[in-house]
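Colleague: mmCIF, C-alpha atoms (C1' of nucleotides) and all ligand atoms, file run.cif:
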```
data_start
loop_
_atom_site.label_atom_id
_atom_site.label_comp_id
_atom_site.auth_asym_id
_atom_site.auth_seq_id
_atom_site.Cartn_x
_atom_site.Cartn_y
_atom_site.Cartn_z
CA MET T 241 -60.89 3.19 37.75
CA VAL T 242 -64.30 3.09 36.15
CA ASP T 243 -62.60 1.59 33.19
CA SER T 244 -60.76 -1.14 35.06
CA ALA T 245 -63.86 -2.16 36.99
CA GLU T 246 -65.61 -2.60 33.68
CA LYS T 247 -62.67 -4.44 32.26
CA GLN T 248 -62.61 -6.75 35.23
CA ARG T 249 -66.26 -7.59 34.85
CA GLY T 250 -65.54 -8.52 31.27
CA TYR T 251 -62.75 -10.78 32.41
CA GLU T 252 -64.87 -12.58 34.93
CA ALA T 253 -67.69 -13.18 32.49
CA GLN T 254 -65.26 -14.51 29.93
CA LEU T 255 -63.70 -16.91 32.40
CA ARG T 256 -67.02 -18.06 33.79
CA ASP T 257 -68.07 -18.87 30.23
CA ALA T 258 -64.94 -20.96 29.97
CA GLY T 259 -66.17 -22.97 32.95
CA VAL T 260 -63.98 -21.37 35.59
CA ARG T 261 -65.52 -20.98 39.04
CA MET T 262 -65.43 -17.49 40.41
CA THR T 263 -64.02 -17.68 43.88
CA ARG T 264 -63.02 -14.97 46.31
CA PRO T 265 -59.26 -15.32 45.67
CA ARG T 266 -59.73 -15.37 41.92
CA ARG T 267 -61.84 -12.26 42.01
CA ALA T 268 -59.16 -10.49 44.04
CA ILE T 269 -56.41 -11.51 41.66
CA LEU T 270 -58.41 -10.53 38.60
CA LYS T 271 -59.08 -7.15 40.12
CA ILE T 272 -55.38 -6.66 40.72
CA LEU T 273 -54.49 -7.66 37.20
CA ALA T 274 -57.16 -5.43 35.70
CA GLU T 275 -55.95 -2.42 37.64
CA THR T 276 -52.21 -2.76 37.31
CA ALA T 277 -50.17 -1.28 34.51
CA ASP T 278 -46.89 -2.94 35.43
CA HIS T 279 -45.56 -6.50 35.42
CA PRO T 280 -45.81 -7.82 38.99
CA ASP T 281 -44.43 -11.16 40.13
CA ALA T 282 -46.33 -13.76 42.14
CA MET T 283 -45.13 -12.43 45.49
CA GLU T 284 -46.16 -8.90 44.61
CA ILE T 285 -49.58 -10.09 43.46
CA PHE T 286 -49.85 -12.02 46.69
CA ARG T 287 -49.10 -8.90 48.72
CA ARG T 288 -51.67 -6.86 46.85
CA ALA T 289 -54.20 -9.67 47.14
CA VAL T 290 -53.80 -9.97 50.89
CA ALA T 291 -54.84 -6.34 51.12
CA LEU T 292 -58.15 -7.29 49.51
CA ASP T 293 -58.64 -10.62 51.20
CA ASP T 294 -56.28 -11.52 54.00
CA SER T 295 -57.00 -15.23 53.82
CA ILE T 296 -55.45 -15.70 50.39
CA SER T 297 -52.43 -18.00 50.20
CA LEU T 298 -49.41 -17.79 47.97
CA SER T 299 -50.16 -21.26 46.60
CA THR T 300 -53.47 -20.02 45.34
CA VAL T 301 -51.80 -17.11 43.64
CA TYR T 302 -49.49 -19.52 41.84
CA ARG T 303 -52.33 -21.86 40.99
CA THR T 304 -54.43 -19.01 39.69
CA MET T 305 -51.64 -17.61 37.58
CA LYS T 306 -51.18 -20.97 35.95
CA LEU T 307 -54.90 -21.30 35.36
CA LEU T 308 -55.14 -17.86 33.81
CA GLU T 309 -52.12 -18.56 31.68
CA ASP T 310 -53.65 -21.79 30.41
CA LYS T 311 -56.88 -19.98 29.62
CA GLY T 312 -54.88 -17.40 27.73
CA ALA T 313 -55.97 -14.60 30.03
CA ILE T 314 -52.47 -13.61 31.10
CA GLN T 315 -48.92 -13.89 29.90
CA ARG T 316 -45.96 -15.05 31.96
CA HIS T 317 -42.53 -13.52 31.41
CA ALA T 318 -39.38 -15.07 32.83
CA PHE T 319 -37.05 -12.11 32.65
CA ALA T 320 -33.39 -12.76 33.44
CA GLY T 321 -32.47 -13.17 37.06
CA GLY T 322 -35.80 -12.79 38.80
CA PRO T 323 -39.04 -14.69 39.30
CA SER T 324 -41.75 -14.83 36.63
CA ARG T 325 -43.73 -11.68 36.10
CA PHE T 326 -47.24 -11.41 34.74
CA GLU T 327 -49.50 -9.18 32.73
CA GLN T 328 -52.95 -9.37 31.18
CA ALA T 329 -53.03 -10.77 27.69
CA ASP T 330 -55.56 -8.34 26.33
CA GLY T 331 -53.44 -5.86 24.37
CA ALA T 332 -51.51 -6.42 21.20
CA HIS T 333 -48.23 -8.32 21.08
CA HIS T 334 -45.20 -6.43 22.26
CA ASP T 335 -41.72 -7.08 23.55
CA HIS T 336 -39.88 -5.66 26.55
CA LEU T 337 -36.98 -3.51 27.52
CA ILE T 338 -35.92 -4.07 31.11
CA ASP T 339 -34.11 -1.35 33.02
CA ILE T 340 -31.33 -3.32 34.68
CA ASP T 341 -30.96 -0.74 37.44
CA THR T 342 -34.58 -0.44 38.49
CA GLY T 343 -36.25 -3.54 37.12
CA ASN T 344 -38.72 -1.30 35.31
CA VAL T 345 -40.25 -2.78 32.22
CA ILE T 346 -40.89 -0.74 29.10
CA GLU T 347 -42.98 -2.16 26.29
CA PHE T 348 -42.26 -1.73 22.63
CA GLN T 349 -43.31 -3.20 19.37
CA SER T 350 -41.63 -3.50 16.00
CA ASP T 351 -43.44 -4.93 13.01
CA ARG T 352 -40.17 -4.99 11.15
CA ILE T 353 -38.49 -7.18 13.75
CA GLU T 354 -41.46 -9.51 13.86
CA GLU T 355 -41.28 -9.84 10.09
CA LEU T 356 -37.58 -10.56 10.13
CA GLN T 357 -38.03 -13.20 12.79
CA ASN T 358 -40.55 -14.98 10.61
CA GLU T 359 -38.29 -14.81 7.61
CA ILE T 360 -35.40 -16.24 9.57
CA ALA T 361 -37.44 -19.09 10.99
CA LYS T 362 -38.85 -19.83 7.57
CA SER T 363 -35.42 -19.93 5.98
CA LEU T 364 -34.40 -22.44 8.63
CA GLY T 365 -37.43 -24.57 7.91
CA TYR T 366 -39.35 -23.69 11.04
CA ASP T 367 -42.64 -22.14 12.07
CA ILE T 368 -42.42 -19.87 15.10
CA VAL T 369 -44.69 -20.98 17.93
CA HIS T 370 -43.67 -18.18 20.24
CA HIS T 371 -40.66 -16.02 20.83
CA ARG T 372 -38.96 -13.89 23.38
CA LEU T 373 -37.24 -10.61 22.71
CA GLU T 374 -35.91 -8.79 25.71
CA LEU T 375 -33.59 -5.82 25.75
CA TYR T 376 -31.72 -5.24 29.00
CA GLY T 377 -30.52 -1.70 29.21
CA ARG T 378 -29.54 1.29 31.23
CA LYS T 379 -30.94 4.76 30.97
CA ARG T 380 -28.70 6.87 28.80
CA ARG T 381 -26.66 9.40 30.78
CA LYS T 382 -27.94 12.84 30.08
CA ARG T 383 -25.43 14.96 28.25
CA MET G 135 -10.14 -33.31 17.13
CA VAL G 136 -6.75 -31.83 16.43
CA ASP G 137 -8.46 -28.52 16.15
CA SER G 138 -10.32 -28.71 19.44
CA ALA G 139 -7.22 -29.84 21.34
CA GLU G 140 -5.49 -26.76 20.02
CA LYS G 141 -8.43 -24.60 20.90
CA GLN G 142 -8.51 -25.99 24.41
CA ARG G 143 -4.84 -25.24 24.92
CA GLY G 144 -5.55 -21.68 23.93
CA TYR G 145 -8.34 -21.53 26.45
CA GLU G 146 -6.22 -22.79 29.29
CA ALA G 147 -3.39 -20.39 28.59
CA GLN G 148 -5.80 -17.51 28.42
CA LEU G 149 -7.37 -18.40 31.72
CA ARG G 150 -4.09 -19.02 33.45
CA ASP G 151 -3.03 -15.56 32.37
CA ALA G 152 -6.15 -14.25 34.02
CA GLY G 153 -4.96 -15.81 37.26
CA VAL G 154 -7.15 -18.89 37.16
CA ARG G 155 -5.62 -22.04 38.62
CA MET G 156 -5.70 -25.01 36.31
CA THR G 157 -7.14 -27.89 38.24
CA ARG G 158 -8.14 -31.35 37.14
CA PRO G 159 -11.89 -30.60 37.08
CA ARG G 160 -11.39 -27.36 35.22
CA ARG G 161 -9.27 -29.02 32.60
CA ALA G 162 -11.95 -31.65 32.09
CA ILE G 163 -14.69 -29.08 31.74
CA LEU G 164 -12.68 -26.93 29.36
CA LYS G 165 -12.01 -29.96 27.21
CA ILE G 166 -15.70 -30.72 27.07
CA LEU G 167 -16.58 -27.17 26.14
CA ALA G 168 -13.88 -27.03 23.48
CA GLU G 169 -15.11 -30.21 21.87
CA THR G 170 -18.83 -29.72 21.96
CA ALA G 171 -20.84 -28.04 19.25
CA ASP G 172 -24.12 -28.00 21.12
CA HIS G 173 -25.50 -26.19 24.16
CA PRO G 174 -25.27 -28.60 27.11
CA ASP G 175 -26.67 -27.89 30.56
CA ALA G 176 -24.79 -28.34 33.84
CA MET G 177 -25.99 -31.89 34.37
CA GLU G 178 -24.95 -32.90 30.89
CA ILE G 179 -21.54 -31.32 31.35
CA PHE G 180 -21.27 -33.16 34.65
CA ARG G 181 -22.05 -36.47 32.99
CA ARG G 182 -19.45 -35.90 30.30
CA ALA G 183 -16.93 -34.72 32.90
CA VAL G 184 -17.34 -37.80 35.06
CA ALA G 185 -16.29 -39.85 32.05
CA LEU G 186 -12.99 -37.98 32.06
CA ASP G 187 -12.51 -37.75 35.82
CA ASP G 188 -14.88 -39.70 37.99
CA SER G 189 -14.17 -37.65 41.10
CA ILE G 190 -15.71 -34.46 39.76
CA SER G 191 -18.73 -33.15 41.64
CA LEU G 192 -21.74 -31.33 40.30
CA SER G 193 -21.01 -28.40 42.61
CA THR G 194 -17.70 -27.94 40.93
CA VAL G 195 -19.34 -27.94 37.54
CA TYR G 196 -21.65 -25.16 38.68
CA ARG G 197 -18.82 -23.24 40.29
CA THR G 198 -16.70 -23.57 37.20
CA MET G 199 -19.47 -22.46 34.90
CA LYS G 200 -19.93 -19.35 36.97
CA LEU G 201 -16.21 -18.68 36.98
CA LEU G 202 -15.95 -19.08 33.23
CA GLU G 203 -18.97 -16.90 32.75
CA ASP G 204 -17.44 -14.17 34.90
CA LYS G 205 -14.21 -14.42 32.95
CA GLY G 206 -16.19 -14.06 29.76
CA ALA G 207 -15.11 -17.48 28.51
CA ILE G 208 -18.60 -18.89 28.18
CA GLN G 209 -22.15 -17.73 27.80
CA ARG G 210 -25.12 -18.90 29.80
CA HIS G 211 -28.53 -19.19 28.17
CA ALA G 212 -31.70 -19.62 30.20
CA PHE G 213 -34.03 -20.94 27.54
CA ALA G 214 -37.68 -21.29 28.47
CA GLY G 215 -38.61 -24.22 30.64
CA GLY G 216 -35.29 -25.92 31.23
CA PRO G 217 -32.05 -25.41 33.15
CA SER G 218 -29.34 -23.03 31.95
CA ARG G 219 -27.36 -24.16 28.95
CA PHE G 220 -23.84 -23.13 28.07
CA GLU G 221 -21.57 -22.52 25.13
CA GLN G 222 -18.12 -21.08 24.56
CA ALA G 223 -18.02 -17.36 24.02
CA ASP G 224 -15.47 -17.43 21.24
CA GLY G 225 -17.57 -16.96 18.13
CA ALA G 226 -19.51 -13.93 17.00
CA HIS G 227 -22.77 -12.87 18.55
CA HIS G 228 -25.81 -14.82 17.49
CA ASP G 229 -29.30 -15.61 18.69
CA HIS G 230 -31.14 -18.90 18.93
CA LEU G 231 -34.05 -20.80 17.53
CA ILE G 232 -35.13 -23.63 19.81
CA ASP G 233 -36.94 -26.63 18.39
CA ILE G 234 -39.73 -27.09 20.91
CA ASP G 235 -40.11 -30.75 20.06
CA THR G 236 -36.49 -31.84 20.34
CA GLY G 237 -34.83 -29.09 22.35
CA ASN G 238 -32.35 -28.66 19.53
CA VAL G 239 -30.80 -25.25 19.27
CA ILE G 240 -30.14 -23.56 15.95
CA GLU G 241 -28.05 -20.44 15.78
CA PHE G 242 -28.75 -17.47 13.58
CA GLN G 243 -27.68 -13.92 13.23
CA SER G 244 -29.36 -10.85 11.80
CA ASP G 245 -27.52 -7.54 11.56
CA ARG G 246 -30.78 -5.89 10.65
CA ILE G 247 -32.50 -7.05 13.85
CA GLU G 248 -29.54 -5.98 15.95
CA GLU G 249 -29.70 -2.55 14.35
CA LEU G 250 -33.40 -2.22 14.96
CA GLN G 251 -32.96 -3.20 18.59
CA ASN G 252 -30.44 -0.43 19.06
CA GLU G 253 -32.69 2.10 17.40
CA ILE G 254 -35.58 1.13 19.60
CA ALA G 255 -33.56 1.31 22.79
CA LYS G 256 -32.14 4.63 21.74
CA SER G 257 -35.55 6.08 21.01
CA LEU G 258 -36.61 5.02 24.50
CA GLY G 259 -33.57 6.71 26.01
CA TYR G 260 -31.66 3.54 26.81
CA ASP G 261 -28.37 1.86 25.99
CA ILE G 262 -28.60 -1.90 25.55
CA VAL G 263 -26.34 -3.81 27.92
CA HIS G 264 -27.38 -7.20 26.64
CA HIS G 265 -30.38 -8.79 25.04
CA ARG G 266 -32.10 -12.03 24.47
CA LEU G 267 -33.80 -13.10 21.29
CA GLU G 268 -35.13 -16.61 21.20
CA LEU G 269 -37.44 -18.12 18.63
CA TYR G 270 -39.31 -21.21 19.74
CA GLY G 271 -40.52 -23.15 16.78
CA ARG G 272 -41.50 -26.38 15.18
CA LYS G 273 -40.10 -27.89 12.05
CA ARG G 274 -42.30 -27.04 9.13
CA ARG G 275 -44.35 -29.98 7.90
CA LYS G 276 -43.00 -31.11 4.60
CA ARG G 277 -45.43 -30.49 1.79
"C1'" DC E 125 -81.08 -26.94 50.36
"C1'" DT E 126 -78.19 -30.60 48.95
"C1'" DC E 127 -74.84 -32.81 46.56
"C1'" DT E 128 -70.92 -33.07 43.74
"C1'" DT E 129 -66.84 -31.51 42.39
"C1'" DG E 130 -63.59 -27.94 42.12
"C1'" DT E 131 -60.87 -24.97 45.08
"C1'" DT E 132 -58.46 -23.64 49.14
"C1'" DG E 133 -54.72 -23.21 52.83
"C1'" DC E 134 -51.14 -25.47 54.81
"C1'" DA E 135 -47.01 -27.89 54.91
"C1'" DA E 136 -44.08 -30.65 52.71
"C1'" DA E 137 -41.74 -31.69 48.20
"C1'" DC E 138 -39.54 -30.10 44.23
"C1'" DG E 139 -35.58 -28.99 40.74
"C1'" DA E 140 -31.93 -26.05 39.80
"C1'" DT E 141 -28.42 -23.77 41.86
"C1'" DT E 142 -25.62 -22.03 45.73
"C1'" DT E 143 -23.16 -22.30 50.01
"C1'" DG E 144 -20.51 -23.68 54.61
"C1'" DC E 145 -17.02 -26.33 55.97
"C1'" DA E 146 -13.32 -29.50 56.58
"C1'" DT E 147 -9.97 -31.43 53.43
"C1'" DT E 148 -7.11 -31.39 49.44
"C1'" DT E 149 -4.56 -29.19 45.86
"C1'" DG E 150 -2.07 -25.83 42.88
"C1'" DC E 151 1.82 -23.54 42.61
"C1'" DA E 152 4.92 -19.78 44.17
"C1'" DT E 153 8.46 -19.98 47.42
"C1'" DT E 154 12.49 -21.62 49.53
"C1'" DA O 290 12.57 -31.65 46.05
"C1'" DA O 291 10.25 -30.00 50.40
"C1'" DT O 292 7.29 -26.20 52.38
"C1'" DG O 293 3.41 -23.02 53.07
"C1'" DC O 294 -0.64 -20.80 52.16
"C1'" DA O 295 -4.41 -19.35 49.52
"C1'" DA O 296 -7.57 -21.18 46.44
"C1'" DA O 297 -10.40 -25.09 44.96
"C1'" DT O 298 -12.81 -29.33 45.97
"C1'" DG O 299 -16.47 -32.78 47.52
"C1'" DC O 300 -20.10 -33.42 50.32
"C1'" DA O 301 -24.21 -32.26 52.58
"C1'" DA O 302 -27.20 -28.90 53.77
"C1'" DA O 303 -29.43 -24.55 52.46
"C1'" DT O 304 -31.66 -21.60 49.19
"C1'" DC O 305 -35.24 -19.77 45.93
"C1'" DG O 306 -39.20 -19.92 43.20
"C1'" DT O 307 -42.65 -22.91 42.32
"C1'" DT O 308 -45.53 -27.14 42.66
"C1'" DT O 309 -48.11 -30.71 45.00
"C1'" DG O 310 -50.72 -33.99 48.47
"C1'" DC O 311 -54.24 -33.73 51.41
"C1'" DA O 312 -58.09 -32.76 54.40
"C1'" DA O 313 -61.34 -28.97 55.00
"C1'" DC O 314 -64.23 -25.94 52.46
"C1'" DA O 315 -67.27 -23.55 49.19
"C1'" DA O 316 -69.33 -22.75 44.19
"C1'" DG O 317 -73.19 -23.39 41.81
"C1'" DA O 318 -76.11 -26.97 39.14
"C1'" DG O 319 -80.23 -29.31 40.19
MN MN F 401 -45.82 -6.29 28.70
MN MN F 402 -25.23 -20.48 20.57
ZN ZN F 403 -42.19 -9.83 19.54
ZN ZN F 404 -28.81 -10.76 19.08
#
```
If you convert what's in this file into C-alpha cells, what do you get?
Ligand SMILES: [Mn+2]
Ligand SMILES: [Mn+2]
Ligand SMILES: [Zn+2]
Ligand SMILES: [Zn+2]
Modeller:
Amino acid sequence: MVDSAEKQRGYEAQLRDAGVRMTRPRRAILKILAETADHPDAMEIFRRAVALDDSISLSTVYRTMKLLEDKGAIQRHAFAGGPSRFEQADGAHHDHLIDIDTGNVIEFQSDRIEELQNEIAKSLGYDIVHHRLELYGRKRRKR
Amino acid sequence: MVDSAEKQRGYEAQLRDAGVRMTRPRRAILKILAETADHPDAMEIFRRAVALDDSISLSTVYRTMKLLEDKGAIQRHAFAGGPSRFEQADGAHHDHLIDIDTGNVIEFQSDRIEELQNEIAKSLGYDIVHHRLELYGRKRRKR
DNA sequence: CTCTTGTTGCAAACGATTTGCATTTGCATT
DNA sequence: AATGCAAATGCAAATCGTTTGCAACAAGAG
C-alpha cells in the first residue's frame, strides 16, 4: 500500500514530465494500475475507477489506456477470445500462461526462448520488433 | 494445380464422412483453401469465392470458416491488429513471423521452443492446451 | 484570474463477426 | 424421378469491443 502510493507518485511525475495533464480520471486510473497485480480489461478498470470517481466514463478509460500505451507506461495484451487486458510496463519482459478455465494469467520468463526467437528471426532475415508468446493451459489434475 | 485438385477432393471426402453436406459455397471455399499458400482473412476468401460463385455471401464464409475450424480442417490465427486469418490444418505445427511492413506471414518451427514451453507449463503445474507464438518483425536492412 | 488548449462525457459510429428468419438446397427416402 | 425434411443460405439486423465527433469543461502557463 505504502509502496504502491509511492509508485503511483512516480508514475504521475514521469507522465507530467512527458507533458501529460494530470486530470481526475487519469489519477484514478493510474492509482488502479499501480495497485493491481493482475491484468484487468477496460471494463474492469472502468468499474474500479467508478468506485474512486463516479463521473468517469468508459470512453475516458479507453482513451487513457491508449495514451498510456503510447507513452510506454502500460502494455496491452490481446489474449485469445476476450477483450484487451492491461498491465503496467515497469517490470522486466515476460510472457503469459492463461488458465483457460479461470482466465487467470500467470507470468513467466525464459531467456532461452527469447534467444531462440532472435536466432530464428535472424536466420529468416528479420529483426524482431515485438513478439507474443502465450500458453493456454489447464491446471494439471492432481494425482 | 493437379496436386491441389487432388488435395481438395481429399478434403471434401473427409468432411462428407464427418457428416458435412457439400454445398456450392463450401466447395468454393474448400477449393480456395486447397489452392492458397498464404493466410487469407474472411474478406479475402469472400472475394476469391465470389469469383467462383457470385452468389456466395460473406455470412456463409464466416459460417463455413467456423465449421471447418470446429471440424479441425483449418486453423484460425488472430494476428495483432487485423482480422482473423486462416490456413488449412493439414501440415505440421508451426508458428509465425509477421512482417509488420507488408503483413506477410513466414512460417517457422522450433522443437526446442516447443519443448521449453512444455517444461515451463509443467513447472507451473499446467498442461498446455494450445499456444500462440508470433514474432513481429521487419526485414533486416541489407548491409 | 484569464486564456488557451487539452480533456471529458455522451451518443453515435465503427469494423469484425454473429445471428434471426424466411427461403432454398442437399440428399436420404420412396 | 418425385418427395420430404433437416440443414444451409442470403440478407438485414444485432452484437461486442473500441473509437470518434462534438459541445461543455477544466488544467495549468502566464
Ligand atoms: Mn504480465
Ligand atoms: Mn501458417
Ligand atoms: Zn517473450
Ligand atoms: Zn508452436
Colleague: Write out as a list in words each polymer residue (protein, DNA or RNA) that has an atom no more than 7 Å from ligand ZN 404 (chain F), with all atoms listed in the file counted.
Modeller: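 Selection of residues at most 7 Å from ligand ZN 404 (chain F): His227, His228, Asp229, Gln243, Glu248, His265, Arg266 and Leu267 of chain G.
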Colleague: From the list T:Val301, T:Ile314, T:Ile272, T:Ala329, which residue is nearest chain E when using all atoms listed in the file?
Modeller: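 Among the listed residues, T:Val301 lies closest to chain E.
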Colleague: Residues of chain O near chain T: apply a cut-off of 9 Å, count all atoms listed in the file, and supply the list as number ranges by chain.
Modeller: O: 306-308, 315-317
Colleague: Got a sec to check which residues lie within 10 Å of ligand MN 401 (chain F), using all atoms listed in the file, and send them as a list in words?
Modeller: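 Protein and nucleic-acid residues within 10 Å of ligand MN 401 (chain F): Ala277, Asp278, His279, Gln315, Arg316, His317, Arg325, Phe326, Glu327, Gln328, Ala329, Gly331, Ala332, His333, His334, Asp335, His336, Leu337, Val345, Ile346, Glu347 and Phe348 of chain T.
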Colleague: Dump C-alpha atoms for the selected residues as a PDB file, in the coordinates of the input?
Modeller:
```
ATOM      1  CA  ALA T 277     -50.170  -1.280  34.510  1.00  0.00           C
ATOM      2  CA  ASP T 278     -46.890  -2.940  35.430  1.00  0.00           C
ATOM      3  CA  HIS T 279     -45.560  -6.500  35.420  1.00  0.00           C
ATOM      4  CA  GLN T 315     -48.920 -13.890  29.900  1.00  0.00           C
ATOM      5  CA  ARG T 316     -45.960 -15.050  31.960  1.00  0.00           C
ATOM      6  CA  HIS T 317     -42.530 -13.520  31.410  1.00  0.00           C
ATOM      7  CA  ARG T 325     -43.730 -11.680  36.100  1.00  0.00           C
ATOM      8  CA  PHE T 326     -47.240 -11.410  34.740  1.00  0.00           C
ATOM      9  CA  GLU T 327     -49.500  -9.180  32.730  1.00  0.00           C
ATOM     10  CA  GLN T 328     -52.950  -9.370  31.180  1.00  0.00           C
ATOM     11  CA  ALA T 329     -53.030 -10.770  27.690  1.00  0.00           C
ATOM     12  CA  GLY T 331     -53.440  -5.860  24.370  1.00  0.00           C
ATOM     13  CA  ALA T 332     -51.510  -6.420  21.200  1.00  0.00           C
ATOM     14  CA  HIS T 333     -48.230  -8.320  21.080  1.00  0.00           C
ATOM     15  CA  HIS T 334     -45.200  -6.430  22.260  1.00  0.00           C
ATOM     16  CA  ASP T 335     -41.720  -7.080  23.550  1.00  0.00           C
ATOM     17  CA  HIS T 336     -39.880  -5.660  26.550  1.00  0.00           C
ATOM     18  CA  LEU T 337     -36.980  -3.510  27.520  1.00  0.00           C
ATOM     19  CA  VAL T 345     -40.250  -2.780  32.220  1.00  0.00           C
ATOM     20  CA  ILE T 346     -40.890  -0.740  29.100  1.00  0.00           C
ATOM     21  CA  GLU T 347     -42.980  -2.160  26.290  1.00  0.00           C
ATOM     22  CA  PHE T 348     -42.260  -1.730  22.630  1.00  0.00           C
TER      23      PHE T 348
END
```
Colleague: Hey, can you pull every residue with an atom no more than 10 Å from (-26.3, 8.0, 30.9), using all atoms listed in the file, and send it as a list in words?
Modeller: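 Nearby residues: Arg378, Lys379, Arg380, Arg381, Lys382 and Arg383 of chain T; Gly259, Tyr260 and Asp261 of chain G.
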Colleague: Using the selection just defined, write its residues with C-alpha atoms as a compact mmCIF listing (two decimals), keeping the file's coordinate frame.
Modeller:
```
# COMPACT_ATOMS: atom_id res chain seq x y z
CA ARG T 378 -29.54 1.29 31.23
CA LYS T 379 -30.94 4.76 30.97
CA ARG T 380 -28.70 6.87 28.80
CA ARG T 381 -26.66 9.40 30.78
CA LYS T 382 -27.94 12.84 30.08
CA ARG T 383 -25.43 14.96 28.25
CA GLY G 259 -33.57 6.71 26.01
CA TYR G 260 -31.66 3.54 26.81
CA ASP G 261 -28.37 1.86 25.99
```
Colleague: For chain G, which residue out of E:DC151, E:DA146, E:DC127, E:DA137 is the nearest one, using all atoms listed in the file?
Modeller: E:DC151
Colleague: Could you jot down the atom C1' of O:DT298 to atom CA of G:Glu169 separation for me, Å, one decimal place?
Modeller: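 Atom C1' of O:DT298 sits 24.2 Å away from atom CA of G:Glu169.
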Colleague: Enumerate as a ChimeraX atom specification the residues belonging to chain E that approach chain G to within 8 Å, with only C-alpha atoms (C1' of nucleotides) taken into account.
Modeller: /E:140-141,150
Colleague: Which residues of chain G sit at most 12 Å from ligand ZN 403 (chain F), using only C-alpha atoms and all ligand atoms? Give each one's shortest atom pair and distance in Å (one decimal place), in chain and ascending residue order, as CSV.
Modeller:
```
residue,atom,partner,partner_atom,distance
G:Ile247,CA,F:ZN403,ZN,11.6
G:Gln251,CA,F:ZN403,ZN,11.4
G:Arg266,CA,F:ZN403,ZN,11.4
G:Leu267,CA,F:ZN403,ZN,9.2
G:Glu268,CA,F:ZN403,ZN,9.9
G:Leu269,CA,F:ZN403,ZN,9.6
G:Tyr270,CA,F:ZN403,ZN,11.7
```
Colleague: Considering only C-alpha atoms, state which residue in the set G:Gly206, G:Gly237, G:Leu186, G:Ala212 is at the smallest distance from chain T.
Modeller: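 Nearest candidate to chain T out of G:Gly206, G:Gly237, G:Leu186, G:Ala212: G:Ala212.
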Colleague: Using all atoms listed in the file, pick whichever of G:Lys200, G:Arg150, G:Lys256, G:Arg181 has the shortest atom-to-atom distance to chain T.
Modeller: G:Lys256
Colleague: Rounded to one decimal place, report the atom CA of G:Ala183-atom CA of G:Asp233 distance in Å.
Modeller: 26.0 Å
Colleague: For atom CA of T:Ile340 and atom CA of G:Leu250, determine how far apart the two atoms are, in Å to one decimal place.
Modeller: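 We find that atom CA of T:Ile340 and atom CA of G:Leu250 lie 19.9 Å from each other.
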Colleague: For a quick check of understanding, using only C-alpha atoms, which of G:Asn238, G:Met199, G:Asp224, G:Ala214 has the smallest distance to chain T?
Modeller: G:Ala214
Colleague: List the neighbours of O:DA312 out to 12 Å using all atoms listed in the file; skip same-chain residues closer than 3 positions along the sequence, and give me the result as a PyMOL selection string.
Modeller: chain E and resi 132-134
Colleague: Using only C-alpha atoms, which residue out of G:Gly215, G:Gly144, G:Pro174, G:Gly271 lies closest to chain T?
Modeller: G:Gly271
Colleague: Is there a way to get, as a ChimeraX atom specification, all residues within 10 Å of the point (-18.8, -28.1, 57.0) in file coordinates, counting all atoms listed in the file?
Modeller: /E:144-146 /O:300-302
